[in-house]
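A.B. asks: Here it is, the structure in full.
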Amino acid sequence: MNKTIVGLFLVLLLSACGGGADEEMPAVDQEEALRAARADSVAQAAEMYDAAVFDTLTWENDNARWERGGVVWSFTCQRCHGADGTGQGPDAVTFNIEVPDMTAADWRYADDIPATREFIFVGHDSEMPSLGLIGLPYSDVDASTHYIHDLLRSGE
Ligand code: HEC
């Protein structure tokens with residue numbers, strides 16, 4: 001191969017690999033893509049969800065479940081939902097995420113433990129992660145559900 005052909009080959013190779021490297025996706029497309037990805041996660045989590053697993057869980061006592069719920073809450077939920085569950089966690093504030101106040105008297109899951117568990121596992125295509133899909137165990141879903149209902153909502 002002579003030098004010209006090698007040079008031409010390199011130019012072609014570079015343009016094939018590097019094309020579009022500094023083009024950015026327009027913001028709207030990015031937002032749409034993100035939403036579609038989240039909707040896909042929600043669908044996968046809904047498919048996986050099995051409410052019957054909760055019947056097989058055993059806790060030593062209520063305290064053990066609340067204690068675990070508190071740990072899960074502070075590591076996984078608090079950044080959005082806030083330590084007190086009112087929806088003013090640091091990430092909610094910084095990224096302007098609308099997070100519902102779970103302590104409100106008319107909260108939509110006020111008397112619904114099964115729906116709360118399912119929502120935590122499955123997530124939502126807004127900003128609530130599909131926590132079951134990314135590995136939050138059923139026992140942690142249960143513990144955080146009771147932490148919300150038994151402690152946060154009673155103001156303890
Ligand atoms: C990245 C932020 C974020 C994290 C982390 C997060 N959530 Fe959420 N969560 C949200 C948002 C936003 C909503 C509202 C979803 C909607 O639009 O309906 C929500 C809704 C909920 C709801 C439904 C109640 C309602 O009023 O809509 C429950 C229950 C819930 N989250 C529990 C949890 C638990 C438990 C954890 C941790 C194990 C957690 N969330 C972690 C952002 C988050």
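Going through the structure tokens in order, the chains are called A, B, and so on, while each chain numbers its residues from 1 and the ligands are numbered from 1 in the order shown.
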Within 8 Å of ligand 1, counting only C-alpha atoms and all ligand atoms, which protein or nucleic acid residues do you find, written as an MDAnalysis selection string?

C.D. replies: chainID A and resid 72:73 75:81 91:92 97:102 107:109 115:117 119:120 123:129 131 136 140:141 144:145 148

A.B. asks: Residues at most 12 Å from Ser154 in chain A, counting only C-alpha atoms, excluding those fewer than 5 positions away in the same chain, as a PyMOL selection string?

C.D. replies: chain A and resi 84-85+102-105+110+146-149

A.B. asks: The selected residues should be written to file as a CSV table (one decimal), in the first residue's frame (atoms: C-alpha atoms).

C.D. replies:
```
chain,number,residue,atom,x,y,z
A,84,ASP,CA,-40.3,13.4,57.5
A,85,GLY,CA,-42.0,12.3,54.3
A,102,MET,CA,-47.2,11.4,52.3
A,103,THR,CA,-48.1,12.8,55.7
A,104,ALA,CA,-51.2,14.7,54.3
A,105,ALA,CA,-54.5,13.5,55.8
A,110,ALA,CA,-53.6,6.5,53.3
A,146,HIS,CA,-44.8,0.2,57.3
A,147,TYR,CA,-42.3,2.9,58.2
A,148,ILE,CA,-44.4,5.3,56.1
A,149,HIS,CA,-47.8,4.1,57.4
```

A.B. asks: Could you tell me, as a PyMOL selection string, which residues of range 22-99 of chain A DSSP assigns to alpha helix (DSSP H) when given the backbone?

C.D. replies: chain A and resi 27-48+62-72+78-81+90-94

A.B. asks: Rounded to one decimal, what separation in Å do you get between CA of Ala46 in chain A and CA of Ala83 in chain A?

C.D. replies: 27.3 Å

A.B. asks: From the options A:Phe95, A:Gly87, A:Leu151, A:Asp55, which residue's atoms come nearest to Ser139 in chain A, counting only C-alpha atoms?

C.D. replies: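 Selected residue with least distance to Ser139 in chain A: A:Asp55.
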
A.B. asks: For Tyr49 in chain A, please output as number ranges by chain all residues within 9 Å (counting only C-alpha atoms; exclusion window: fewer than 5 positions along the same chain).

C.D. replies: A: 44, 118, 121-122, 132-133

A.B. asks: Any chance you can output those residues with C-alpha atoms as a PDB file, in the first residue's frame?

C.D. replies:
```pdb
ATOM      1  CA  GLN A  44     -40.867  -4.584  33.414  1.00  0.00           C
ATOM      2  CA  GLU A 118     -46.821  -2.113  44.708  1.00  0.00           C
ATOM      3  CA  PHE A 121     -41.750  -1.902  43.733  1.00  0.00           C
ATOM      4  CA  VAL A 122     -43.054  -0.772  40.347  1.00  0.00           C
ATOM      5  CA  GLY A 132     -38.075  -3.652  42.655  1.00  0.00           C
ATOM      6  CA  LEU A 133     -36.508  -3.832  39.220  1.00  0.00           C
TER       7      LEU A 133
END
```
